[in-house]
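One file, input13.pdb, is given below (PDB, C-alpha atoms and all ligand atoms).
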```pdb
ATOM      1  CA  MET X1404     128.951 -38.336  45.592
ATOM      2  CA  ALA X1405     127.302 -41.622  44.670
ATOM      3  CA  ASP X1406     129.452 -44.731  44.547
ATOM      4  CA  TYR X1407     128.856 -46.560  41.287
ATOM      5  CA  ASP X1408     131.684 -49.055  41.780
ATOM      6  CA  ASP X1409     129.432 -51.579  43.516
ATOM      7  CA  ALA X1410     127.210 -52.074  40.455
ATOM      8  CA  PRO X1411     126.802 -55.751  39.491
ATOM      9  CA  GLU X1412     128.690 -56.563  36.312
ATOM     10  CA  LEU X1413     127.576 -58.684  33.375
ATOM     11  CA  PRO X1414     129.795 -61.698  32.550
ATOM     12  CA  GLU X1415     132.412 -60.814  29.933
ATOM     13  CA  HIS X1416     131.040 -63.091  27.187
ATOM     14  CA  VAL X1417     127.505 -61.646  27.629
ATOM     15  CA  LEU X1418     128.860 -58.109  27.463
ATOM     16  CA  GLU X1419     130.748 -58.982  24.284
ATOM     17  CA  GLU X1420     127.686 -60.502  22.653
ATOM     18  CA  LEU X1421     125.333 -57.658  23.607
ATOM     19  CA  THR X1422     127.713 -54.875  22.555
ATOM     20  CA  GLU X1423     128.300 -56.720  19.265
ATOM     21  CA  GLN X1424     124.532 -56.877  18.669
ATOM     22  CA  ALA X1425     124.204 -53.175  19.466
ATOM     23  CA  ALA X1426     127.017 -52.305  17.055
ATOM     24  CA  GLU X1427     125.429 -54.371  14.281
ATOM     25  CA  ILE X1428     122.102 -52.582  14.682
ATOM     26  CA  LEU X1429     123.856 -49.214  14.594
ATOM     27  CA  LEU X1430     125.791 -50.205  11.468
ATOM     28  CA  GLN X1431     122.606 -51.240   9.688
ATOM     29  CA  ALA X1432     120.576 -48.165  10.612
ATOM     30  CA  ARG X1433     120.326 -45.224   8.241
ATOM     31  CA  TYR X1434     119.478 -42.523  10.802
ATOM     32  CA  THR X1435     120.216 -43.214  14.465
ATOM     33  CA  ILE X1436     119.378 -40.665  17.133
ATOM     34  CA  ALA X1437     120.085 -40.858  20.861
ATOM     35  CA  LEU X1438     118.345 -39.878  24.083
ATOM     36  CA  THR X1439     120.606 -39.388  27.072
ATOM     37  CA  GLY X1440     119.798 -38.814  30.735
ATOM     38  CA  ALA X1441     121.496 -38.148  34.035
ATOM     39  CA  GLY X1442     123.073 -41.653  34.064
ATOM     40  CA  ILE X1443     125.607 -40.794  31.350
ATOM     41  CA  SER X1444     126.987 -38.042  33.619
ATOM     42  CA  ALA X1445     127.064 -40.149  36.807
ATOM     43  CA  GLU X1446     130.659 -41.207  36.091
ATOM     44  CA  SER X1447     131.548 -37.498  35.910
ATOM     45  CA  GLY X1448     130.466 -37.196  39.539
ATOM     46  CA  ILE X1449     127.027 -35.633  38.901
ATOM     47  CA  PRO X1450     124.356 -37.453  40.889
ATOM     48  CA  THR X1451     121.199 -38.669  39.122
ATOM     49  CA  PHE X1452     117.686 -37.977  40.446
ATOM     50  CA  ARG X1453     116.252 -41.464  40.023
ATOM     51  CA  GLY X1454     117.957 -44.866  40.069
ATOM     52  CA  LYS X1455     119.514 -46.626  43.088
ATOM     53  CA  GLU X1456     121.866 -43.797  44.076
ATOM     54  CA  GLY X1457     119.630 -40.967  42.820
ATOM     55  CA  LEU X1458     119.153 -37.791  44.889
ATOM     56  CA  TRP X1459     115.369 -38.237  44.895
ATOM     57  CA  THR X1460     115.638 -41.917  45.766
ATOM     58  CA  LYS X1461     117.697 -40.927  48.797
ATOM     59  CA  HIS X1462     116.083 -37.613  49.797
ATOM     60  CA  GLY X1463     112.585 -37.606  48.213
ATOM     61  CA  GLU X1464     111.201 -35.478  45.379
ATOM     62  CA  PRO X1465     111.538 -31.675  45.529
ATOM     63  CA  PRO X1466     108.501 -29.362  45.229
ATOM     64  CA  LEU X1467     107.181 -29.560  41.668
ATOM     65  CA  ASN X1468     106.029 -25.944  41.419
ATOM     66  CA  GLN X1469     109.395 -24.275  40.744
ATOM     67  CA  TYR X1470     108.260 -22.584  37.533
ATOM     68  CA  GLU X1471     105.112 -21.299  39.206
ATOM     69  CA  GLN X1472     107.339 -19.832  41.941
ATOM     70  CA  PHE X1473     109.402 -18.048  39.280
ATOM     71  CA  VAL X1474     106.321 -16.625  37.534
ATOM     72  CA  THR X1475     104.727 -15.540  40.823
ATOM     73  CA  ASP X1476     107.795 -13.806  42.263
ATOM     74  CA  PRO X1477     110.834 -13.695  39.918
ATOM     75  CA  GLU X1478     112.810 -11.474  42.283
ATOM     76  CA  ALA X1479     112.554 -13.893  45.223
ATOM     77  CA  TRP X1480     113.257 -16.791  42.850
ATOM     78  CA  TRP X1481     116.441 -15.073  41.609
ATOM     79  CA  GLU X1482     117.583 -14.429  45.187
ATOM     80  CA  ARG X1483     117.392 -18.204  45.781
ATOM     81  CA  VAL X1484     119.467 -18.836  42.611
ATOM     82  CA  VAL X1485     122.103 -16.394  43.864
ATOM     83  CA  GLU X1486     122.099 -18.040  47.289
ATOM     84  CA  ARG X1487     122.605 -21.471  45.657
ATOM     85  CA  ARG X1488     125.550 -20.112  43.646
ATOM     86  CA  ARG X1489     127.140 -18.899  46.874
ATOM     87  CA  ASN X1490     126.280 -22.034  48.879
ATOM     88  CA  PRO X1491     125.850 -24.798  46.277
ATOM     89  CA  ASP X1492     123.794 -27.903  47.092
ATOM     90  CA  GLU X1493     125.082 -31.378  46.095
ATOM     91  CA  LEU X1494     123.852 -31.134  42.490
ATOM     92  CA  SER X1495     124.960 -27.516  41.899
ATOM     93  CA  ALA X1496     128.417 -28.193  43.344
ATOM     94  CA  SER X1497     128.960 -31.248  41.145
ATOM     95  CA  LEU X1498     127.811 -29.333  38.047
ATOM     96  CA  GLN X1499     130.434 -26.641  38.606
ATOM     97  CA  ASP X1500     133.445 -28.971  38.471
ATOM     98  CA  ALA X1501     132.337 -31.752  36.140
ATOM     99  CA  VAL X1502     134.232 -32.839  33.034
ATOM    100  CA  PRO X1503     133.061 -35.285  30.340
ATOM    101  CA  ASN X1504     133.690 -39.015  30.818
ATOM    102  CA  ASP X1505     134.226 -41.940  28.398
ATOM    103  CA  GLY X1506     130.458 -42.154  27.756
ATOM    104  CA  HIS X1507     130.284 -38.564  26.479
ATOM    105  CA  PHE X1508     133.397 -39.060  24.349
ATOM    106  CA  ALA X1509     132.004 -42.310  22.930
ATOM    107  CA  MET X1510     128.823 -40.508  21.831
ATOM    108  CA  ALA X1511     130.917 -37.795  20.140
ATOM    109  CA  ALA X1512     132.980 -40.507  18.415
ATOM    110  CA  LEU X1513     129.808 -42.210  17.140
ATOM    111  CA  GLU X1514     128.723 -38.885  15.680
ATOM    112  CA  GLU X1515     132.123 -38.271  14.133
ATOM    113  CA  VAL X1516     132.090 -41.565  12.221
ATOM    114  CA  GLY X1517     128.648 -40.656  10.871
ATOM    115  CA  VAL X1518     126.635 -43.305  12.728
ATOM    116  CA  LEU X1519     124.895 -41.015  15.237
ATOM    117  CA  LYS X1520     122.958 -38.204  13.557
ATOM    118  CA  HIS X1521     121.448 -36.334  16.506
ATOM    119  CA  THR X1522     121.315 -36.488  20.300
ATOM    120  CA  ILE X1523     118.501 -35.312  22.549
ATOM    121  CA  THR X1524     119.766 -34.860  26.084
ATOM    122  CA  GLN X1525     117.768 -34.280  29.242
ATOM    123  CA  ASN X1526     120.969 -33.191  30.946
ATOM    124  CA  VAL X1527     121.688 -29.579  31.771
ATOM    125  CA  ASP X1528     125.378 -30.138  32.549
ATOM    126  CA  ASN X1529     127.006 -29.016  29.262
ATOM    127  CA  LEU X1530     129.160 -32.178  29.160
ATOM    128  CA  HIS X1531     128.051 -33.378  25.707
ATOM    129  CA  ARG X1532     129.165 -30.036  24.257
ATOM    130  CA  LEU X1533     132.491 -30.205  26.090
ATOM    131  CA  ALA X1534     133.042 -33.691  24.649
ATOM    132  CA  GLY X1535     132.574 -32.289  21.138
ATOM    133  CA  LEU X1536     129.092 -33.534  20.212
ATOM    134  CA  ALA X1537     127.812 -31.160  17.520
ATOM    135  CA  HIS X1538     124.228 -32.216  16.752
ATOM    136  CA  LEU X1539     122.604 -31.793  20.125
ATOM    137  CA  THR X1540     119.255 -30.666  21.536
ATOM    138  CA  GLU X1541     119.285 -29.869  25.240
ATOM    139  CA  ILE X1542     115.587 -30.421  25.812
ATOM    140  CA  HIS X1543     115.779 -29.291  29.455
ATOM    141  CA  GLY X1544     118.189 -26.438  28.754
ATOM    142  CA  ASN X1545     121.739 -25.835  29.948
ATOM    143  CA  SER X1546     122.641 -24.722  33.473
ATOM    144  CA  GLN X1547     125.413 -22.496  32.112
ATOM    145  CA  TRP X1548     123.043 -20.284  30.136
ATOM    146  CA  LEU X1549     120.300 -17.743  30.780
ATOM    147  CA  ARG X1550     117.200 -17.397  28.579
ATOM    148  CA  CYS X1551     114.743 -14.602  27.876
ATOM    149  CA  MET X1552     111.206 -15.789  28.557
ATOM    150  CA  ASP X1553     109.821 -13.542  25.802
ATOM    151  CA  CYS X1554     112.147 -13.806  22.785
ATOM    152  CA  GLY X1555     114.184 -16.911  23.759
ATOM    153  CA  THR X1556     117.592 -15.184  23.382
ATOM    154  CA  ARG X1557     120.233 -17.076  25.354
ATOM    155  CA  SER X1558     123.330 -15.631  27.015
ATOM    156  CA  PRO X1559     126.096 -17.184  29.149
ATOM    157  CA  PHE X1560     125.466 -17.389  32.901
ATOM    158  CA  ASP X1561     129.012 -16.385  33.860
ATOM    159  CA  GLU X1562     128.327 -13.858  36.570
ATOM    160  CA  ILE X1563     125.578 -13.169  39.054
ATOM    161  CA  PRO X1564     123.408 -10.490  37.405
ATOM    162  CA  GLU X1565     123.284  -7.194  39.303
ATOM    163  CA  GLN X1566     119.699  -6.484  38.346
ATOM    164  CA  ARG X1567     117.351  -9.151  39.728
ATOM    165  CA  PRO X1568     115.351 -10.338  37.928
ATOM    166  CA  PRO X1569     117.590  -9.571  34.939
ATOM    167  CA  ARG X1570     116.048  -8.104  31.772
ATOM    168  CA  CYS X1571     116.778  -9.116  28.161
ATOM    169  CA  ASP X1572     119.188  -6.903  26.164
ATOM    170  CA  GLN X1573     117.152  -7.513  23.018
ATOM    171  CA  CYS X1574     113.535  -7.060  24.113
ATOM    172  CA  GLY X1575     113.468  -6.148  27.809
ATOM    173  CA  GLY X1576     111.731  -9.454  28.657
ATOM    174  CA  LEU X1577     112.149 -11.345  31.904
ATOM    175  CA  VAL X1578     115.269 -13.543  32.055
ATOM    176  CA  LYS X1579     115.617 -16.850  33.934
ATOM    177  CA  THR X1580     118.183 -19.626  33.910
ATOM    178  CA  ASP X1581     117.962 -21.756  30.747
ATOM    179  CA  THR X1582     117.289 -24.945  32.739
ATOM    180  CA  VAL X1583     113.689 -26.030  32.172
ATOM    181  CA  MET X1584     111.897 -26.400  35.495
ATOM    182  CA  PHE X1585     108.899 -28.461  36.524
ATOM    183  CA  GLY X1586     105.770 -26.910  35.082
ATOM    184  CA  GLU X1587     107.720 -24.878  32.501
ATOM    185  CA  PRO X1588     106.976 -25.489  28.824
ATOM    186  CA  ILE X1589     109.850 -26.937  26.768
ATOM    187  CA  PRO X1590     111.177 -24.136  24.483
ATOM    188  CA  ARG X1591     109.401 -24.438  21.109
ATOM    189  CA  LEU X1592     112.568 -24.596  18.980
ATOM    190  CA  ALA X1593     113.996 -27.486  21.019
ATOM    191  CA  LEU X1594     110.699 -29.355  20.891
ATOM    192  CA  ASP X1595     110.322 -28.892  17.130
ATOM    193  CA  THR X1596     113.884 -30.153  16.544
ATOM    194  CA  CYS X1597     113.199 -33.268  18.652
ATOM    195  CA  ILE X1598     109.946 -33.979  16.786
ATOM    196  CA  ARG X1599     111.681 -33.603  13.416
ATOM    197  CA  GLU X1600     114.678 -35.757  14.401
ATOM    198  CA  ALA X1601     112.543 -38.515  15.933
ATOM    199  CA  SER X1602     110.280 -38.628  12.871
ATOM    200  CA  GLN X1603     113.198 -39.479  10.583
ATOM    201  CA  ALA X1604     114.976 -41.874  12.958
ATOM    202  CA  ASP X1605     115.108 -45.575  12.167
ATOM    203  CA  CYS X1606     117.017 -46.474  15.355
ATOM    204  CA  MET X1607     117.349 -44.942  18.810
ATOM    205  CA  LEU X1608     120.041 -45.301  21.434
ATOM    206  CA  LEU X1609     118.993 -44.652  25.059
ATOM    207  CA  VAL X1610     121.840 -43.962  27.451
ATOM    208  CA  GLY X1611     121.476 -43.429  31.217
ATOM    209  CA  THR X1612     117.818 -42.464  31.227
ATOM    210  CA  THR X1613     114.912 -43.937  33.180
ATOM    211  CA  ALA X1614     112.786 -43.005  30.142
ATOM    212  CA  VAL X1615     109.896 -41.800  32.264
ATOM    213  CA  VAL X1616     110.140 -38.021  31.804
ATOM    214  CA  SER X1617     107.761 -36.674  29.164
ATOM    215  CA  PRO X1618     108.097 -35.484  26.429
ATOM    216  CA  ALA X1619     111.737 -36.714  26.173
ATOM    217  CA  ALA X1620     110.841 -40.392  26.630
ATOM    218  CA  ASP X1621     107.885 -40.118  24.217
ATOM    219  CA  PHE X1622     110.300 -39.819  21.292
ATOM    220  CA  ALA X1623     111.696 -43.262  22.075
ATOM    221  CA  TRP X1624     108.221 -44.794  22.160
ATOM    222  CA  GLU X1625     107.396 -43.043  18.892
ATOM    223  CA  VAL X1626     110.498 -44.423  17.143
ATOM    224  CA  ARG X1627     109.638 -47.863  18.549
ATOM    225  CA  SER X1628     105.978 -47.665  17.470
ATOM    226  CA  ARG X1629     107.118 -47.431  13.842
ATOM    227  CA  GLY X1630     108.865 -50.800  14.248
ATOM    228  CA  ASN X1631     112.394 -49.405  14.629
ATOM    229  CA  PRO X1632     115.007 -50.863  16.985
ATOM    230  CA  LEU X1633     115.885 -49.359  20.378
ATOM    231  CA  ILE X1634     119.210 -49.951  22.153
ATOM    232  CA  GLU X1635     119.441 -49.250  25.888
ATOM    233  CA  VAL X1636     122.567 -48.685  27.980
ATOM    234  CA  ASN X1637     121.707 -48.219  31.652
ATOM    235  CA  LEU X1638     122.980 -49.396  34.998
ATOM    236  CA  ASP X1639     119.519 -50.743  35.861
ATOM    237  CA  PRO X1640     116.517 -52.085  33.944
ATOM    238  CA  THR X1641     113.882 -49.434  33.130
ATOM    239  CA  VAL X1642     110.287 -49.320  31.905
ATOM    240  CA  ILE X1643     111.523 -49.426  28.335
ATOM    241  CA  SER X1644     114.086 -52.266  28.694
ATOM    242  CA  ALA X1645     111.650 -54.990  27.625
ATOM    243  CA  HIS X1646     110.849 -53.016  24.449
ATOM    244  CA  CYS X1647     114.491 -52.656  23.413
ATOM    245  CA  ASP X1648     116.132 -54.921  20.843
ATOM    246  CA  VAL X1649     119.255 -54.840  22.995
ATOM    247  CA  ALA X1650     119.302 -53.701  26.643
ATOM    248  CA  ILE X1651     122.736 -53.635  28.250
ATOM    249  CA  HIS X1652     122.934 -53.076  31.978
ATOM    250  CA  GLY X1653     126.236 -51.564  33.052
ATOM    251  CA  LYS X1654     128.089 -48.278  33.258
ATOM    252  CA  ALA X1655     127.603 -45.961  30.295
ATOM    253  CA  GLY X1656     131.322 -45.128  30.009
ATOM    254  CA  GLU X1657     132.481 -48.718  29.641
ATOM    255  CA  ILE X1658     129.583 -50.018  27.548
ATOM    256  CA  MET X1659     129.511 -47.081  25.126
ATOM    257  CA  SER X1660     133.304 -47.316  24.604
ATOM    258  CA  ARG X1661     132.956 -51.002  23.711
ATOM    259  CA  ILE X1662     130.111 -50.285  21.300
ATOM    260  CA  VAL X1663     132.106 -47.524  19.572
ATOM    261  CA  ASP X1664     135.143 -49.820  19.153
ATOM    262  CA  LYS X1665     132.950 -52.444  17.505
ATOM    263  CA  VAL X1666     131.207 -49.904  15.274
ATOM    264  CA  LYS X1667     134.582 -48.554  14.126
ATOM    265  CA  ARG X1668     135.813 -52.077  13.404
ATOM    266  CA  GLY X1669     132.625 -52.778  11.457
ATOM    267  CA  LEU X1670     133.075 -49.627   9.381
ATOM    268  CA  GLU X1671     136.694 -50.557   8.597
ATOM    269  CA  THR X1672     135.649 -54.047   7.488
ATOM    270  CA  ARG X1673     132.950 -52.505   5.302
ATOM    271  CA  ASP X1674     135.534 -50.194   3.690
ATOM    272  CA  GLU X1675     137.899 -53.094   3.010
ATOM    273  CA  GLN X1676     135.262 -55.151   1.180
ATOM    274  CA  PRO X1677     135.283 -54.850  -2.640
ATOM    275  CA  SER X1678     132.165 -53.029  -3.818
TER     276      SER X1678
HETATM  277  P1  LIG H1701     117.278 -39.999  36.122
HETATM  278  O1  LIG H1701     118.073 -39.254  37.135
HETATM  279  O2  LIG H1701     115.829 -40.106  36.266
HETATM  280  O3  LIG H1701     117.813 -41.509  35.993
HETATM  281  C1  LIG H1701     119.114 -41.805  35.693
HETATM  282  C2  LIG H1701     119.234 -43.219  35.138
HETATM  283  O4  LIG H1701     120.607 -43.446  34.895
HETATM  284  C3  LIG H1701     118.755 -44.317  36.083
HETATM  285  O5  LIG H1701     117.996 -45.252  35.335
HETATM  286  C4  LIG H1701     120.049 -44.953  36.596
HETATM  287  O6  LIG H1701     119.894 -46.332  36.851
HETATM  288  C5  LIG H1701     120.967 -44.728  35.415
HETATM  289  N1  LIG H1701     122.405 -44.691  35.744
HETATM  290  C6  LIG H1701     123.008 -44.280  36.886
HETATM  291  N2  LIG H1701     124.355 -44.371  36.772
HETATM  292  C7  LIG H1701     124.612 -44.837  35.523
HETATM  293  C8  LIG H1701     125.802 -45.135  34.807
HETATM  294  N3  LIG H1701     127.025 -44.978  35.358
HETATM  295  N4  LIG H1701     125.686 -45.583  33.546
HETATM  296  C9  LIG H1701     124.463 -45.764  32.979
HETATM  297  N5  LIG H1701     123.300 -45.509  33.607
HETATM  298  C10 LIG H1701     123.376 -45.045  34.865
HETATM  299  O7  LIG H1701     117.666 -39.423  34.749
HETATM  300  P2  LIG H1701     116.745 -38.993  33.642
HETATM  301  O8  LIG H1701     115.848 -40.090  33.206
HETATM  302  O9  LIG H1701     117.617 -38.364  32.685
HETATM  303  O10 LIG H1701     115.794 -37.941  34.440
HETATM  304  C11 LIG H1701     115.573 -36.810  34.114
HETATM  305  C12 LIG H1701     115.786 -35.533  34.789
HETATM  306  O11 LIG H1701     116.883 -35.342  35.629
HETATM  307  C13 LIG H1701     116.020 -34.669  33.629
HETATM  308  O12 LIG H1701     114.987 -33.757  33.611
HETATM  309  C14 LIG H1701     117.347 -33.953  33.846
HETATM  310  O13 LIG H1701     117.206 -32.602  33.482
HETATM  311  C15 LIG H1701     117.566 -34.097  35.298
HETATM  312  N6  LIG H1701     118.957 -34.228  35.765
HETATM  313  C16 LIG H1701     120.026 -33.843  35.009
HETATM  314  C17 LIG H1701     121.327 -34.021  35.483
HETATM  315  C18 LIG H1701     122.503 -33.606  34.633
HETATM  316  O14 LIG H1701     122.404 -32.637  33.885
HETATM  317  N7  LIG H1701     123.619 -34.331  34.695
HETATM  318  C19 LIG H1701     121.524 -34.602  36.733
HETATM  319  C20 LIG H1701     120.400 -34.972  37.491
HETATM  320  C21 LIG H1701     119.130 -34.782  36.977
HETATM  321 ZN    ZN H1702     114.203 -11.082  24.920
END
```
Rewrite the structure from the file as structure tokens, please.
Amino acid sequence: MADYDDAPELPEHVLEELTEQAAEILLQARYTIALTGAGISAESGIPTFRGKEGLWTKHGEPPLNQYEQFVTDPEAWWERVVERRRNPDELSASLQDAVPNDGHFAMAALEEVGVLKHTITQNVDNLHRLAGLAHLTEIHGNSQWLRCMDCGTRSPFDEIPEQRPPRCDQCGGLVKTDTVMFGEPIPRLALDTCIREASQADCMLLVGTTAVVSPAADFAWEVRSRGNPLIEVNLDPTVISAHCDVAIHGKAGEIMSRIVDKVKRGLETRDEQPS
């Protein structure tokens, strides 16, 4: 597992000022949405792909034709999935045991107080759901689900299917894991929800994402192009940092918890003021 404890820390007064600025922007916005990436789950023990400690940074990029492999030979592809379940690699093993961290709970708290309207996550780890976030689009799917390639019906991936490749109960179509692979189109419903949410957003919060994977990152640029503020929380600077109104470099769990505290305080103050 990656060691995130050696990350350089911002001085306390800078952290205070930046999290205060972020909270003020969130309090002023009418419709904030979020984009999260692997970084928000790093403190839950799930390694990222990119970034200093990322799996790809350390081991190189995997073959990018996984979806093509599925389409060409779904049976062989499913045998590899089964093999990985029996002998999990670093990522699969961490996904099995992970629980949400302070960053996930902070996002759910922001939603609960009405400040965060929708979250688009690139993560497949189910941790936002476990933390109680309700308005969520998993743009790259969820590793704990299966999906029919024909009708889109999803079902839990609790057990290894006996028939391989499995067939859909509803339409007989070919079933794969819900996780969206390289070369695979993003499911239409998820994409449409993201487009709709981004089009009405007047602020976007980016947490633990390198913001380089398309189309997920495109929504941030789109919100920005209409003159709306972006807030970034990431261990390291990214391609989008310079375009953010506030970019805070530190661990998602700590920074998001501070932002939520300040937002809650701001809401209380607002309630106390005579109207
Ligand atoms: P990424 O792996 O490309 O980058 C992660 C980012 O998070 C980096 O910028 C890194 O500096 C930052 N980071 C690392 N630790 C952090 C911390 N504690 N707090 C805040 N930021 C931290 O992530 P991405 O941009 O989301 O890349 C996308 C792809 O990786 C997605 O397609 C996603 O499906 C896949 N992925 C998902 C998971 C998961 O479900 N948890 C894990 C690995 C990869
Ligand atoms: Zn089907």
Within 6 Å of ligand LIG 1701 (chain H), which residues of chain X come that close, and what is the closest atom pair and distance in Å for each? Count only C-alpha atoms and all ligand atoms and give it as a tab-separated table.
```
residue	atom	partner	partner_atom	distance
X:Gly1440	CA	H:LIG1701	O9	3.0
X:Ala1441	CA	H:LIG1701	O7	4.1
X:Gly1442	CA	H:LIG1701	O4	3.2
X:Ile1443	CA	H:LIG1701	N4	5.3
X:Ser1444	CA	H:LIG1701	N7	5.1
X:Ala1445	CA	H:LIG1701	N2	5.0
X:Glu1446	CA	H:LIG1701	N3	5.3
X:Ile1449	CA	H:LIG1701	N7	5.6
X:Pro1450	CA	H:LIG1701	C20	5.8
X:Thr1451	CA	H:LIG1701	O1	3.7
X:Phe1452	CA	H:LIG1701	O1	3.6
X:Arg1453	CA	H:LIG1701	O2	4.0
X:Gly1454	CA	H:LIG1701	O6	4.0
X:Gln1525	CA	H:LIG1701	O13	4.6
X:Asn1526	CA	H:LIG1701	O14	3.3
X:Val1527	CA	H:LIG1701	O14	3.8
X:Asp1528	CA	H:LIG1701	O14	4.1
X:His1543	CA	H:LIG1701	O13	5.4
X:Gly1611	CA	H:LIG1701	N5	3.7
X:Thr1612	CA	H:LIG1701	O8	3.7
X:Thr1613	CA	H:LIG1701	O8	4.0
X:Ala1614	CA	H:LIG1701	O8	5.2
X:Asn1637	CA	H:LIG1701	N5	3.7
X:Leu1638	CA	H:LIG1701	N5	4.1
X:Asp1639	CA	H:LIG1701	O6	4.5
X:Lys1654	CA	H:LIG1701	N4	3.6
X:Ala1655	CA	H:LIG1701	N4	3.8
```
ask   = How far is it from atom CA of Gln1424 of chain X to atom CA of Gly1656 of chain X, in Å with one decimal?
value =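 One can read the atom CA of Gln1424 of chain X to atom CA of Gly1656 of chain X distance as 17.7 Å.
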inquiry  = Going by the chain IDs and residue numbers used in this file, which residues fall under the PyMOL selection byres (((not hetatm)) within 7 of (chain H and resi 1702))? Write them as a list in words.
reply    =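 Checked against the file, the PyMOL selection byres (((not hetatm)) within 7 of (chain H and resi 1702)) matches Cys1551, Met1552, Asp1553, Cys1554, Gly1555, Thr1556, Cys1571, Asp1572, Gln1573, Cys1574, Gly1575 and Gly1576 of chain X.
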inquiry  = When the PyMOL selection byres (((chain X and resi 1633) around 6) and not hetatm) is applied to the structure above, which residues does it catch, written out as a list of chain:residue names?
reply    =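 Applied to this file, the PyMOL selection byres (((chain X and resi 1633) around 6) and not hetatm) returns X:Cys1606, X:Met1607, X:Leu1608, X:Pro1632, X:Ile1634, X:Cys1647, X:Asp1648.
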Could you please take those selected residues and save C-alpha atoms as a PDB file, in the coordinates of the input?
```pdb
ATOM      1  CA  CYS X1606     117.017 -46.474  15.355  1.00  0.00           C
ATOM      2  CA  MET X1607     117.349 -44.942  18.810  1.00  0.00           C
ATOM      3  CA  LEU X1608     120.041 -45.301  21.434  1.00  0.00           C
ATOM      4  CA  PRO X1632     115.007 -50.863  16.985  1.00  0.00           C
ATOM      5  CA  ILE X1634     119.210 -49.951  22.153  1.00  0.00           C
ATOM      6  CA  CYS X1647     114.491 -52.656  23.413  1.00  0.00           C
ATOM      7  CA  ASP X1648     116.132 -54.921  20.843  1.00  0.00           C
TER       8      ASP X1648
END
```
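Between Glu1482 of chain X and the residues X:Gln1566, X:Gln1431, X:Ser1546, X:Ser1447, the shortest atom-to-atom distance, using all atoms listed in the file, involves X:Gln1566.
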query = When the PyMOL selection byres (((chain X and resi 1577-1591) around 6) and not hetatm) is applied to the file above, which residues end up in the set, as a ChimeraX atom specification?
reply = /X:1467,1469-1470,1543-1546,1548-1552,1569-1570,1576,1592-1594
To test the calculation: enclose all listed atoms of segment 1471-1486 of chain X in a box whose edges run along x, y and z, add 6 Å on each side, then state centre and edge lengths in Å to one decimal, as AutoDock Vina command-line options.
```
--center_x 113.4 --center_y -16.4 --center_z 42.4 --size_x 29.4 --size_y 21.8 --size_z 21.8
```
For atom CA of Asp1505 of chain X and atom CA of Asn1490 of chain X, the interatomic separation in Å (one decimal) = 29.6 Å
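Nearest to Leu1530 of chain X of all the residues X:Val1518, X:Val1610, X:Leu1498, X:Cys1597 is X:Leu1498, based on all atoms listed in the file.
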task = Would you please work out which residue, of X:Lys1665, X:Arg1488, X:His1538, X:Arg1627, is nearest to Ile1643 of chain X when using all atoms listed in the file?
result = X:Arg1627
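Protein and nucleic acid residues near (122.5, -41.4, 15.3) are Tyr1434, Thr1435, Ile1436, Ala1437, Glu1514, Val1518, Leu1519, Lys1520 and His1521 of chain X, the criterion being any atom at most 7 Å away using only C-alpha atoms.
Picture a line from atom CA of Ser1660 of chain X to atom CA of Asn1504 of chain X; it runs 10.4 Å.
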task = For each of X:Glu1565, X:Pro1618, X:Glu1419, X:Gln1499, take the minimum atom-to-atom distance to Thr1524 of chain X, counting all atoms listed in the file, then give the residue where this is smallest.
result =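 Of the candidates, the smallest distance to Thr1524 of chain X is held by X:Pro1618.
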request  = Considering only C-alpha atoms, return as a ChimeraX atom specification whatever protein or nucleic-acid residues lie within 9 Å of Arg1532 of chain X, sequence-local ones (same chain, fewer than 3 positions apart) excluded.
outcome  = /X:1503,1507,1511,1529,1535-1537,1539
query = Need the neighbours of (131.6, -50.5, 14.5): which residues are at most 9 Å away, counting only C-alpha atoms, as a list in words?
reply = Glu1423, Ala1426, Glu1427, Leu1429, Leu1430, Leu1513, Val1518, Ile1662, Val1663, Asp1664, Lys1665, Val1666, Lys1667, Arg1668, Gly1669, Leu1670, Glu1671 and Thr1672 of chain X
Selection from above, C-alpha atoms, as a CSV table (one decimal), in the coordinates of the input, can you write it?
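Saved as result_34.csv:
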```csv
chain,number,residue,atom,x,y,z
X,1423,GLU,CA,128.3,-56.7,19.3
X,1426,ALA,CA,127.0,-52.3,17.1
X,1427,GLU,CA,125.4,-54.4,14.3
X,1429,LEU,CA,123.9,-49.2,14.6
X,1430,LEU,CA,125.8,-50.2,11.5
X,1513,LEU,CA,129.8,-42.2,17.1
X,1518,VAL,CA,126.6,-43.3,12.7
X,1662,ILE,CA,130.1,-50.3,21.3
X,1663,VAL,CA,132.1,-47.5,19.6
X,1664,ASP,CA,135.1,-49.8,19.2
X,1665,LYS,CA,133.0,-52.4,17.5
X,1666,VAL,CA,131.2,-49.9,15.3
X,1667,LYS,CA,134.6,-48.6,14.1
X,1668,ARG,CA,135.8,-52.1,13.4
X,1669,GLY,CA,132.6,-52.8,11.5
X,1670,LEU,CA,133.1,-49.6,9.4
X,1671,GLU,CA,136.7,-50.6,8.6
X,1672,THR,CA,135.6,-54.0,7.5
```
request  = Can you work out which one of X:Pro1564, X:Met1510, X:Asp1621, X:Trp1481 has the shortest atom-to-atom distance to Ile1658 of chain X, counting only C-alpha atoms?
outcome  = X:Met1510
key: Pick from X:Thr1596, X:Leu1421, X:Ala1534, X:Val1642 nearest to Gly1506 of chain X, counting only C-alpha atoms   =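 Among the listed residues, the smallest separation from Gly1506 of chain X belongs to X:Ala1534.
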